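Shown next: input.cif, given as mmCIF, C-alpha atoms.
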```cif
data_protein
#
loop_
_atom_site.label_atom_id
_atom_site.label_comp_id
_atom_site.auth_asym_id
_atom_site.auth_seq_id
_atom_site.Cartn_x
_atom_site.Cartn_y
_atom_site.Cartn_z
CA SER A 1 6.51 2.06 23.56
CA ARG A 2 7.63 5.55 24.39
CA SER A 3 8.19 6.67 20.79
CA ARG A 4 4.87 5.16 19.68
CA ARG A 5 3.04 7.01 22.46
CA ALA A 6 4.78 10.17 21.29
CA SER A 7 3.64 9.69 17.70
CA THR A 8 0.09 8.98 18.83
CA SER A 9 0.10 12.09 21.00
CA ALA A 10 1.41 14.12 18.10
CA ALA A 11 -1.54 13.06 16.00
CA THR A 12 -3.98 14.30 18.59
CA SER A 13 -2.31 17.49 19.76
CA ARG A 14 -3.68 20.95 19.09
CA ARG A 15 -0.44 21.96 17.42
CA ASP A 16 -0.71 19.19 14.86
CA ARG A 17 -4.34 20.03 14.13
CA THR A 18 -3.05 23.11 12.32
CA MET A 19 -3.17 21.59 8.88
CA THR A 20 -0.90 22.21 5.95
CA ARG A 21 -3.40 22.63 3.13
CA THR A 22 -2.72 20.77 -0.09
CA ASN A 23 -6.31 20.63 -1.32
CA VAL A 24 -7.54 17.09 -0.58
CA TRP A 25 -4.37 16.23 1.34
CA ARG A 26 -4.01 17.24 4.98
CA ARG A 27 -0.81 17.07 7.01
CA ILE A 28 -1.84 16.05 10.50
CA SER A 29 1.66 15.64 11.95
CA ASP A 30 5.16 14.75 10.84
CA PHE A 31 4.04 11.13 10.56
CA VAL A 32 0.35 11.33 9.65
CA THR A 33 -1.41 12.60 6.51
CA ALA A 34 -5.05 12.35 5.48
CA VAL A 35 -7.15 12.62 2.33
CA VAL A 36 -10.58 14.28 2.47
CA ASP A 37 -13.57 14.35 0.14
CA PRO A 38 -13.12 17.37 -2.17
CA ALA A 39 -16.90 17.84 -2.45
CA LEU A 40 -17.27 18.78 1.21
CA ASP A 41 -16.43 22.46 1.52
CA ALA A 42 -14.52 23.91 4.48
CA VAL A 43 -14.07 20.63 6.28
CA ASP A 44 -11.53 22.25 8.59
CA GLY A 45 -14.09 24.14 10.64
CA GLY A 46 -15.44 26.82 8.36
CA GLU A 47 -12.27 28.18 6.78
CA ASP A 48 -12.05 28.38 2.99
CA ASP A 49 -9.86 25.48 1.88
CA GLY A 50 -10.40 25.85 -1.86
CA LEU A 51 -12.57 22.76 -2.08
CA GLY A 52 -16.32 22.38 -2.45
CA PRO A 53 -18.77 21.13 -5.09
CA SER A 54 -17.47 23.47 -7.81
CA SER A 55 -13.75 22.98 -7.17
CA PRO A 56 -11.41 21.52 -9.81
CA GLU A 57 -10.65 18.66 -7.42
CA VAL A 58 -14.28 17.52 -7.60
CA ALA A 59 -14.16 17.50 -11.39
CA LEU A 60 -10.95 15.47 -11.30
CA ALA A 61 -12.36 13.03 -8.73
CA THR A 62 -15.47 12.57 -10.85
CA TYR A 63 -13.42 11.88 -13.97
CA LEU A 64 -11.23 9.34 -12.14
CA ARG A 65 -14.32 7.68 -10.66
CA VAL A 66 -15.80 7.23 -14.14
CA GLU A 67 -12.50 5.98 -15.56
CA SER A 68 -11.91 3.46 -12.77
CA ALA A 69 -15.51 2.21 -13.01
CA ALA A 70 -15.04 1.67 -16.75
CA GLN A 71 -11.87 -0.30 -16.08
CA ARG A 72 -13.67 -2.49 -13.57
CA GLU A 73 -16.56 -3.03 -15.99
CA ALA A 74 -14.12 -4.09 -18.73
CA MET A 75 -12.55 -6.68 -16.39
CA VAL A 76 -15.93 -8.13 -15.46
CA ARG A 77 -17.42 -8.02 -18.96
CA GLY A 78 -14.40 -9.65 -20.55
CA GLY A 79 -14.04 -12.34 -17.90
CA ALA A 80 -10.64 -11.00 -16.85
CA LEU A 81 -11.56 -10.81 -13.16
CA ALA A 82 -11.10 -14.12 -11.38
CA ALA A 83 -10.45 -15.37 -7.87
CA ALA A 84 -6.98 -14.66 -6.57
CA PRO A 85 -4.50 -17.54 -6.60
CA ALA A 86 -4.51 -19.52 -3.36
CA ALA A 87 -2.35 -17.96 -0.67
CA ARG A 88 0.71 -20.10 -0.02
CA ARG A 89 2.61 -20.82 3.19
CA ILE A 90 6.39 -20.56 3.00
CA ILE A 91 7.79 -23.45 5.01
CA THR A 92 10.68 -24.86 3.00
CA ASN A 93 13.31 -23.32 0.76
CA ASP A 94 11.52 -24.88 -2.21
CA ASP A 95 8.33 -23.06 -1.15
CA ALA A 96 10.25 -19.79 -1.15
CA ARG A 97 11.83 -20.51 -4.54
CA ASP A 98 8.42 -21.34 -6.02
CA ALA A 99 6.93 -18.13 -4.61
CA ALA A 100 9.78 -16.12 -6.14
CA ALA A 101 9.08 -17.74 -9.52
CA VAL A 102 5.39 -16.78 -9.28
CA LEU A 103 6.37 -13.23 -8.33
CA LYS A 104 8.62 -13.01 -11.39
CA ARG A 105 5.89 -14.37 -13.69
CA ASP A 106 2.77 -12.64 -12.34
CA GLY A 107 4.20 -9.59 -10.62
CA ALA A 108 2.46 -10.64 -7.38
CA VAL A 109 2.33 -13.63 -5.06
CA PHE A 110 -0.24 -14.24 -2.31
CA LEU A 111 1.06 -15.43 1.05
CA LYS A 112 -0.65 -17.19 3.95
CA ASP A 113 -0.14 -16.44 7.66
CA VAL A 114 2.78 -14.07 7.21
CA VAL A 115 1.99 -12.44 10.55
CA PRO A 116 0.11 -13.94 13.55
CA HIS A 117 -3.25 -12.42 14.47
CA ASP A 118 -2.04 -11.07 17.79
CA ALA A 119 0.67 -9.01 16.06
CA CYS A 120 -1.92 -7.59 13.64
CA ASP A 121 -4.29 -6.75 16.49
CA ALA A 122 -1.59 -4.91 18.42
CA VAL A 123 -0.64 -2.64 15.50
CA LEU A 124 -4.26 -2.12 14.48
CA GLY A 125 -5.18 -1.07 18.01
CA GLU A 126 -2.54 1.66 17.99
CA LEU A 127 -3.47 2.70 14.47
CA ASN A 128 -7.14 3.06 15.37
CA VAL A 129 -6.29 5.60 18.07
CA ILE A 130 -4.66 7.80 15.44
CA CYS A 131 -7.29 7.27 12.74
CA ASP A 132 -10.15 7.86 15.18
CA SER A 133 -8.59 11.17 16.15
CA VAL A 134 -8.32 12.24 12.51
CA LYS A 135 -11.89 11.12 11.86
CA ALA A 136 -13.07 13.20 14.82
CA THR A 137 -11.83 16.25 12.92
CA TYR A 138 -13.09 15.37 9.44
CA GLY A 139 -16.02 13.05 10.10
CA ASP A 140 -17.54 11.54 6.96
CA ALA A 141 -15.24 13.68 4.80
CA LEU A 142 -12.25 11.48 5.72
CA ARG A 143 -11.29 9.09 2.95
CA ARG A 144 -7.81 7.87 3.81
CA THR A 145 -5.17 8.13 6.52
CA ASP A 146 -1.49 7.32 5.98
CA VAL A 147 0.55 6.69 9.14
CA LYS A 148 4.33 6.34 9.16
CA LEU A 149 5.32 4.09 12.03
CA GLY A 150 8.42 3.85 14.19
CA PHE A 151 10.56 0.72 14.40
CA ASP A 152 9.56 -0.12 17.95
CA GLY A 153 6.95 -1.86 20.07
CA ALA A 154 4.15 -3.67 18.27
CA THR A 155 5.37 -2.50 14.86
CA ARG A 156 8.86 -3.89 15.38
CA ASP A 157 7.37 -7.20 16.48
CA LEU A 158 5.17 -7.36 13.38
CA LEU A 159 8.06 -6.56 11.04
CA LEU A 160 10.35 -9.19 12.52
CA ARG A 161 7.62 -11.78 12.13
CA ALA A 162 6.89 -10.66 8.55
CA CYS A 163 10.57 -10.90 7.58
CA GLY A 164 11.50 -13.88 9.74
CA ARG A 165 11.28 -17.60 9.11
CA GLY A 166 8.72 -18.26 6.38
CA GLY A 167 8.40 -14.54 5.65
CA VAL A 168 9.29 -12.11 2.93
CA ASN A 169 13.08 -12.39 3.28
CA SER A 170 13.01 -16.08 2.35
CA ILE A 171 11.37 -15.10 -0.96
CA LEU A 172 13.48 -12.02 -1.73
CA GLU A 173 16.60 -14.17 -1.30
CA HIS A 174 15.54 -15.87 -4.54
CA VAL A 175 14.75 -12.63 -6.41
CA GLU A 176 17.88 -11.51 -8.25
CA ASP A 177 16.98 -7.83 -8.37
CA ALA A 178 16.10 -7.76 -4.67
CA THR A 179 18.03 -10.35 -2.54
CA ALA A 180 18.29 -10.37 1.24
CA GLU A 181 20.25 -7.11 0.95
CA ALA A 182 17.11 -5.24 -0.16
CA VAL A 183 16.58 -2.26 2.13
CA MET A 184 13.20 -1.37 3.61
CA VAL A 185 12.58 2.05 2.06
CA GLU A 186 8.89 2.37 2.96
CA MET A 187 6.98 1.44 6.10
CA SER A 188 3.52 2.80 6.81
CA VAL A 189 -0.09 1.85 7.30
CA LEU A 190 -2.62 2.96 4.70
CA ALA A 191 -6.17 3.04 6.09
CA THR A 192 -9.11 3.80 3.81
CA GLU A 193 -12.52 4.75 5.17
CA ARG A 194 -16.04 4.16 3.93
CA GLY A 195 -16.65 6.37 0.90
CA ALA A 196 -13.13 6.08 -0.52
CA ASP A 197 -13.32 5.85 -4.31
CA ARG A 198 -11.88 3.13 -6.50
CA GLN A 199 -8.49 4.10 -7.91
CA VAL A 200 -7.59 3.96 -11.57
CA LEU A 201 -5.21 1.18 -12.54
CA HIS A 202 -1.63 2.28 -11.98
CA PRO A 203 1.87 1.03 -11.15
CA ASP A 204 3.67 2.41 -8.10
CA VAL A 205 6.88 3.09 -9.97
CA ALA A 206 7.97 3.81 -13.52
CA PHE A 207 9.34 0.86 -15.50
CA ASP A 208 12.48 2.74 -16.48
CA ALA A 209 13.27 4.01 -12.98
CA PRO A 210 17.02 4.53 -12.45
CA HIS A 211 17.07 2.09 -9.53
CA ALA A 212 16.24 -1.58 -9.01
CA PRO A 213 12.58 -2.64 -8.98
CA LEU A 214 10.64 -2.00 -5.78
CA TYR A 215 8.99 -4.94 -4.05
CA SER A 216 6.09 -4.09 -1.77
CA LEU A 217 4.28 -6.16 0.81
CA PHE A 218 0.66 -5.48 1.82
CA ILE A 219 -0.19 -7.14 5.14
CA ALA A 220 -3.87 -7.27 6.10
CA LEU A 221 -4.35 -6.09 9.69
CA GLN A 222 -7.92 -7.38 9.54
CA ASP A 223 -9.91 -9.54 7.12
CA VAL A 224 -10.37 -7.65 3.84
CA ILE A 225 -13.90 -8.34 2.65
CA PRO A 226 -15.22 -7.35 -0.81
CA GLU A 227 -17.15 -4.36 0.57
CA MET A 228 -13.90 -2.86 1.87
CA GLY A 229 -12.55 -2.45 -1.66
CA PRO A 230 -9.65 -4.91 -1.80
CA THR A 231 -6.74 -4.06 -4.07
CA CYS A 232 -7.17 -5.48 -7.57
CA PHE A 233 -4.01 -6.67 -9.34
CA MET A 234 -3.59 -6.89 -13.10
CA LEU A 235 -1.23 -9.84 -13.16
CA GLY A 236 1.76 -9.95 -15.45
CA THR A 237 1.88 -6.20 -16.14
CA GLN A 238 5.27 -5.47 -14.56
CA ASP A 239 6.89 -5.55 -17.99
CA LYS A 240 7.83 -2.77 -20.40
CA ALA A 241 5.17 -3.75 -22.93
CA SER A 242 2.41 -3.17 -20.39
CA HIS A 243 3.85 0.17 -19.31
CA ASP A 244 4.03 1.25 -22.93
CA ALA A 245 0.48 0.06 -23.58
CA PHE A 246 -1.38 1.51 -20.61
CA PRO A 247 -1.36 5.21 -19.68
CA VAL A 248 -2.23 6.54 -16.22
CA THR A 249 -5.54 7.99 -17.47
CA LYS A 250 -7.50 8.61 -20.68
CA TRP A 251 -7.66 5.03 -21.87
CA ASN A 252 -8.89 4.33 -25.38
CA GLU A 253 -10.97 1.42 -26.71
CA GLU A 254 -7.92 -0.62 -27.61
CA GLN A 255 -6.60 -0.40 -24.04
CA PHE A 256 -9.97 -1.36 -22.53
CA ALA A 257 -10.12 -4.32 -24.95
CA ARG A 258 -6.65 -5.42 -23.86
CA LEU A 259 -7.67 -5.12 -20.22
CA ALA A 260 -10.71 -7.31 -20.85
CA LYS A 261 -8.38 -10.13 -21.97
CA SER A 262 -5.95 -9.77 -19.08
CA ARG A 263 -5.71 -11.65 -15.74
CA CYS A 264 -7.03 -9.66 -12.77
CA CYS A 265 -7.85 -10.59 -9.19
CA ASP A 266 -8.93 -8.94 -5.95
CA ALA A 267 -6.68 -9.33 -2.90
CA GLU A 268 -9.36 -10.44 -0.44
CA LEU A 269 -6.78 -11.12 2.24
CA ARG A 270 -7.46 -12.73 5.60
CA LYS A 271 -5.97 -11.13 8.69
CA GLY A 272 -2.24 -11.85 8.75
CA ASP A 273 -2.11 -12.80 5.07
CA ALA A 274 -0.19 -10.68 2.58
CA VAL A 275 0.55 -10.03 -1.05
CA LEU A 276 4.13 -9.41 -2.19
CA TYR A 277 4.25 -7.58 -5.51
CA ASP A 278 6.59 -5.97 -7.97
CA ALA A 279 5.67 -2.28 -7.68
CA ARG A 280 5.69 -1.99 -11.48
CA THR A 281 2.59 -4.21 -11.60
CA PHE A 282 -0.66 -2.37 -12.41
CA HIS A 283 -3.20 -2.41 -9.58
CA GLN A 284 -6.04 -0.35 -8.11
CA GLY A 285 -7.48 0.09 -4.65
CA GLY A 286 -11.19 -0.72 -4.64
CA ALA A 287 -14.14 1.43 -3.56
CA ASN A 288 -14.68 1.14 0.18
CA GLU A 289 -18.38 0.75 0.99
CA TYR A 290 -17.94 -0.75 4.44
CA GLY A 291 -15.50 0.86 6.85
CA ARG A 292 -11.85 1.14 7.79
CA ARG A 293 -9.49 -1.13 5.85
CA ALA A 294 -5.91 -1.07 7.12
CA LEU A 295 -2.91 -2.49 5.29
CA MET A 296 0.61 -2.45 6.64
CA THR A 297 2.84 -1.55 3.68
CA LEU A 298 6.53 -2.42 3.45
CA THR A 299 8.66 -1.71 0.39
CA PHE A 300 12.13 -3.12 -0.28
CA LEU A 301 14.81 -1.94 -2.71
CA LYS A 302 18.17 -3.43 -3.60
CA PRO A 303 20.97 -0.84 -3.16
CA PRO A 304 21.98 1.70 -4.21
CA ILE A 305 19.19 3.66 -2.54
CA PRO A 306 18.21 7.03 -4.06
CA ASP A 307 16.81 9.87 -1.98
CA ALA A 308 13.39 9.45 -3.60
CA PRO A 309 11.59 6.90 -5.80
CA THR A 310 10.96 7.43 -9.51
CA ARG A 311 7.18 7.36 -9.85
CA ARG A 312 4.83 8.61 -12.54
CA ASN A 313 3.83 11.49 -10.28
CA ALA A 314 6.39 14.24 -9.75
CA GLY A 315 7.75 15.02 -6.31
CA ALA A 316 7.27 11.52 -4.90
CA GLU A 317 8.86 10.68 -1.55
CA TRP A 318 9.52 7.49 0.37
CA SER A 319 6.62 6.72 2.71
CA ILE A 320 8.71 6.12 5.82
CA ARG A 321 9.90 8.02 8.85
CA SER A 322 13.36 9.50 8.33
CA ASP A 323 14.74 7.86 11.47
CA VAL A 324 13.62 4.43 10.21
CA PHE A 325 14.88 5.13 6.67
CA ASP A 326 18.29 6.06 8.07
CA MET A 327 18.53 2.69 9.82
CA ARG A 328 18.88 1.01 6.39
CA LEU A 329 17.11 -2.09 7.62
CA THR A 330 17.47 -4.96 5.15
CA ALA A 331 15.10 -7.89 4.86
CA GLY A 332 17.95 -10.19 5.79
CA ARG A 333 18.93 -8.19 8.85
CA MET A 334 15.36 -8.14 10.16
CA ALA A 335 15.10 -11.88 9.55
CA SER A 336 18.19 -12.39 11.68
CA MET A 337 16.65 -10.32 14.49
CA ASP A 338 13.81 -12.84 14.64
CA SER A 339 15.22 -15.03 17.38
CA SER A 340 11.92 -16.25 18.86
CA SER A 341 10.03 -19.30 17.66
CA TYR A 342 7.29 -17.55 15.72
CA ASN A 343 4.53 -19.67 14.31
CA HIS A 344 3.36 -18.62 10.83
#
```

Target encoding structure tokens, full file:
Amino acid sequence: SRSRRASTSAATSRRDRTMTRTNVWRRISDFVTAVVDPALDAVDGGEDDGLGPSSPEVALATYLRVESAAQREAMVRGGALAAAPAARRIITNDDARDAAAVLKRDGAVFLKDVVPHDACDAVLGELNVICDSVKATYGDALRRTDVKLGFDGATRDLLLRACGRGGVNSILEHVEDATAEAVMVEMSVLATERGADRQVLHPDVAFDAPHAPLYSLFIALQDVIPEMGPTCFMLGTQDKASHDAFPVTKWNEEQFARLAKSRCCDAELRKGDAVLYDARTFHQGGANEYGRRALMTLTFLKPPIPDAPTRRNAGAEWSIRSDVFDMRLTAGRMASMDSSSYNH
């Protein structure tokens, strides 16, 4: 589409290669940001960017790497890490109701064939053009690229299929604090590259946020194999007790012991499969030892809609283009746009 071509061109233009420096974060364009390895000094072509082996960012990255590795070790040692629940197809209303009940209980539900392979391939092809351009600038220093997409072309097709018959809307209809009136407040693709570190366990939003819970959908645009660092979910931790028990960092022995007795699983999704989760659920992206792993990310929120989410990190913003945010697209509305006979 015309607007998609424009956003791709923006990512590759000379003007947008003038980065806004925020240490490891790089602003590529209005719709594209990247994360680089803090240990690689002057990755922007020789200019001093404040990074390098002795920078504070390296010390922080090292600490988080050790902390996340300890969390993973506790899961494995305690037998908390198990295979993810079988992905389920949503065909009937009872299927959707059952999925909503699992989401309420576990904080996450795994879904089968939410989007056809051809729709994934179309979006991934456009994404790769952008990510390849960013990687041409940063090379092996690139760790992650976030791309905010427009509601058009291949992306629009994918969203209508994801929300249409047998999709996310049929589940949210049975979730009291979401419903079909939940508005899509985030829409982007998060692509990690080989060398990306494991994250520490974290929720995406504070438990006591002054808005309804966020519900996010990760759609795999390709098969997510173990070497890509699939997202690990700590099931059942969307409650206040878990948020009170687990800090963002600096865990103590009691917290590691509690983690070892929890239920955790890796989201080794097949292309077109998805996981719908309560954004208060603790999770962590895995270490990527393979290559690009791209997840389409959609987040829904029951009105009223604040200007920004309430996260544990200050200054958080919605990960969505402003023109798409202003459309106030609900899950129900997108489901009604799905007039074709899509096969899930």

Residues selected by the PyMOL selection byres ((chain A and resi 193) around 8), written as a ChimeraX atom specification: /A:142-144,191-192,194-196,288,290-293

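With all atoms listed in the file as the basis for measurement, A:Ala316 is the residue among A:Ala316, A:Leu40, A:Ala162, A:Met334 that approaches Asp204 of chain A most closely.
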
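Once Val224 of chain A and its same-chain neighbours fewer than 4 positions away are set aside, Ala220, Met228, Gly229, Pro230, Ala267, Glu268, Leu269, Arg270, Lys271, Arg293 and Ala294 of chain A remain within 9 Å of it when counting only C-alpha atoms.
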
Can you sort out the box for segment 174-191 of chain A, edges along x, y and z, all listed atoms in, 6 Å on every side, with centre and edge lengths in Å to one decimal, as AutoDock Vina command-line options?
```
--center_x 7.0 --center_y -6.4 --center_z -0.5 --size_x 38.4 --size_y 30.9 --size_z 27.7
```

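Rounded to one decimal, atom CA of Val114 of chain A and atom CA of Arg161 of chain A lie 7.3 Å from each other.
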
Evaluate the PyMOL selection byres ((chain A and resi 179-188) around 8) and report residues as a PyMOL selection string: chain A and resi 146-149+169-170+172-178+189-190+296-303+305+318-321+325+328-333

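Of the listed residues A:Leu111, A:Ala335, A:Val205, A:Ala69, the one whose atoms come nearest to Pro85 of chain A is A:Leu111, with distances taken using all atoms listed in the file.
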
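Relative to atom CA of Leu217 of chain A, atom CA of Thr145 of chain A is found at 18.1 Å.
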
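What the PyMOL selection byres ((chain A and resi 93) around 10) grabs from this file is Ile90, Ile91, Thr92, Asp94, Asp95, Ala96, Arg97, Asp98, Ala99, Gly166, Ser170, Ile171, Glu173 and His174 of chain A.
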
Shell of 10 Å around Pro116 of chain A, only C-alpha atoms, local chain residues under 2 positions omitted, as a ChimeraX atom specification: /A:113-114,118-121,158,161-162,221,271-273,342-344

Who sits within 9 Å of segment 282-286 of chain A, only C-alpha atoms, same chain under 6 positions skipped, as a PyMOL selection string: chain A and resi 68+107+196-204+226-238+242-243+264+266

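Taking all atoms listed in the file into account, Val115 of chain A lies nearest to A:Asp157 out of the set A:Asp132, A:Asp157, A:Asp140, A:Asp278.
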
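Atom to atom, atom CA of Ala34 of chain A and atom CA of Val324 of chain A stand 20.8 Å apart.
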
Residue nearest Thr281 of chain A among A:Ala86, A:Val35, A:Ala206, A:Val76 (counting all atoms listed in the file): A:Ala206

Minimum-distance residue to Lys135 of chain A, chosen among A:Ile219, A:Ile28, A:Ala100, A:Ala80 (using all atoms listed in the file): A:Ile28

Nearest residue to Asp30 of chain A from the set A:Ser322, A:Asp239, A:Gly153, A:Pro247 (distances using all atoms listed in the file): A:Ser322

Point (-14.4, 4.0, -24.7), cut-off 12 Å, counting only C-alpha atoms, residues as a list of chain:residue names: A:Val66, A:Glu67, A:Ala69, A:Ala70, A:Gln71, A:Glu73, A:Ala74, A:Lys250, A:Trp251, A:Asn252, A:Glu253, A:Glu254, A:Gln255, A:Phe256, A:Ala257
